[in-house]
Amino acid sequence: MTNNDILRRIRFTFDFNDSKMIALFGLADYQVTRSQITDWLKKEDDPAYQKCSDTQLAIFLNGLIINRRGKKEGPQPEPEKRLTNNTIFMKLKIALNLKSEDVLEIMDLANFHMSKPELSAFFRRPDHKHYRDCNDQILRNFLKGIQLKYRAPIQMKEAPKKK
C-alpha cells in the first residue's frame, strides 16, 4: 500500500474535508496547502499526482492522534522519516484508542481473523524475538474494518409498501 492510499482511506472513513485535513496537519505543527492535499489524494495516473512521503504521513497520523486523544504534555513526538506498516498500524490504534480486543473485532468485521498473540507480535519492538512484520494485506484489512466500523452506514431507502 502506498502512503497516498492510506491517506485516501482514512479521509474517506472519517469523511474529512480538505479543511479538516489541513487542520490535522496543523495540529502536528506542519503547514500544508489545499493543493498539496488534493494532489496527494489523486490517483497515480493523474498528471497532478504527488507522492505523500513517509514523514508527511507520519505528521498526518500524529495530527490525527492529537485530534482524537488531545495534545500530550511536553515535547511533541518527532515524525518518523521512515514508516513501516507496523508503525502506521500502531499510530491508528493509538489515535482510535483501541485495545487488542477492539482491534480483533475490527479485523473480524473485515472477515480477517487472527489471534491475540498474532496481533501483539505487530506491536513489539523489531528486535524482540516474537516481532512480526505487518504486511499490506493485514493493514488493508484493518483499514477496511475501521471503515466498516466508523464510516456512517448508507441508509437503504425502504421500498414503498403495497396496499
# chains A, B, ... in the order shown; residues from 1 in each chain; ligands from 1
call {"tool": "residues_around", "arguments": {"residues": "Leu98 in chain A", "least_positions_apart": "5", "cutoff": "12 Å", "atoms": "only C-alpha atoms", "output": "CSV table (one decimal) with C-alpha atoms, in the first residue's frame"}}
result
chain,number,residue,atom,x,y,z
A,65,ILE,CA,-3.7,11.2,17.4
A,68,ARG,CA,-8.7,12.3,18.8
A,69,ARG,CA,-6.8,12.0,22.1
A,89,PHE,CA,-1.0,0.3,12.4
A,90,MET,CA,0.2,1.4,15.9
A,91,LYS,CA,-0.5,5.1,15.2
A,92,LEU,CA,-4.0,4.2,14.1
A,93,LYS,CA,-4.5,2.0,17.1
A,103,VAL,CA,-8.6,-4.4,17.0
A,104,LEU,CA,-9.5,-8.1,16.8
A,105,GLU,CA,-13.2,-7.1,16.5
A,106,ILE,CA,-12.4,-4.6,13.7
A,146,ILE,CA,-12.2,0.7,10.6
call {"tool": "residues_around", "arguments": {"residues": "range 43-52 of chain A", "least_positions_apart": "2", "cutoff": "10 Å", "atoms": "only C-alpha atoms", "output": "list in words"}}
result
Thr2, Asn3, Asn4, Asp5, Ile6, Leu7, Arg8, Ser35, Gln36, Ile37, Thr38, Asp39, Trp40, Leu41, Asp54, Thr55, Gln56 and Leu57 of chain A
call {"tool": "closest_residue", "arguments": {"among": "A:Pro117, A:Ile94, A:Lys144, A:Asn111", "to": "Tyr131 in chain A", "atoms": "only C-alpha atoms"}}
result
A:Pro117
call {"tool": "residues_around", "arguments": {"residues": "Arg140 in chain A", "least_positions_apart": "5", "cutoff": "9 Å", "atoms": "only C-alpha atoms", "output": "MDAnalysis selection string"}}
result
chainID A and resid 1 6 135 145
call {"tool": "closest_residue", "arguments": {"among": "A:Met107, A:Met21, A:Met114, A:Leu119", "to": "Leu143 in chain A", "atoms": "only C-alpha atoms"}}
result
A:Met107
call {"tool": "select_by_dssp", "arguments": {"residues": "chain A", "states": "alpha helix (DSSP H)", "output": "PyMOL selection string"}}
result
chain A and resi 3-14+18-27+34-41+54-69+85-95+100-109+116-120+136-150
call {"tool": "residues_around", "arguments": {"residues": "Leu64 in chain A", "least_positions_apart": "6", "cutoff": "12 Å", "atoms": "only C-alpha atoms", "output": "list in words"}}
result
Leu7, Ile10, Arg11, Phe14, Phe16, Lys20, Met21, Ile22, Ala23, Leu24, Phe25, Gly26, Leu27, Ala28, Leu57, Ala58, Gly70, Lys71, Ile88, Lys91, Leu92, Lys93, Ile94, Ala95, Leu96 and Asn97 of chain A
call {"tool": "write_last_selection", "arguments": {"atoms": "C-alpha atoms", "output": "CSV table (one decimal), in the first residue's frame"}}
result
chain,number,residue,atom,x,y,z
A,7,LEU,CA,-4.4,8.9,3.4
A,10,ILE,CA,-8.5,7.5,6.3
A,11,ARG,CA,-10.1,10.6,4.7
A,14,PHE,CA,-13.8,9.7,8.7
A,16,PHE,CA,-12.6,14.6,6.4
A,20,LYS,CA,-10.1,19.2,8.2
A,21,MET,CA,-7.1,17.5,6.6
A,22,ILE,CA,-5.2,20.8,6.7
A,23,ALA,CA,-6.2,21.2,10.4
A,24,LEU,CA,-4.9,17.7,11.2
A,25,PHE,CA,-1.5,18.6,9.7
A,26,GLY,CA,-1.6,21.9,11.6
A,27,LEU,CA,-2.1,20.1,14.9
A,28,ALA,CA,1.3,18.4,14.3
A,57,LEU,CA,2.0,10.6,6.5
A,58,ALA,CA,3.6,10.4,10.0
A,70,GLY,CA,-5.6,15.5,22.9
A,71,LYS,CA,-2.1,17.0,22.9
A,88,ILE,CA,1.1,3.0,10.8
A,91,LYS,CA,-0.5,5.1,15.2
A,92,LEU,CA,-4.0,4.2,14.1
A,93,LYS,CA,-4.5,2.0,17.1
A,94,ILE,CA,-3.4,4.9,19.4
A,95,ALA,CA,-5.5,7.5,17.6
A,96,LEU,CA,-8.6,5.4,17.8
A,97,ASN,CA,-7.9,4.5,21.5
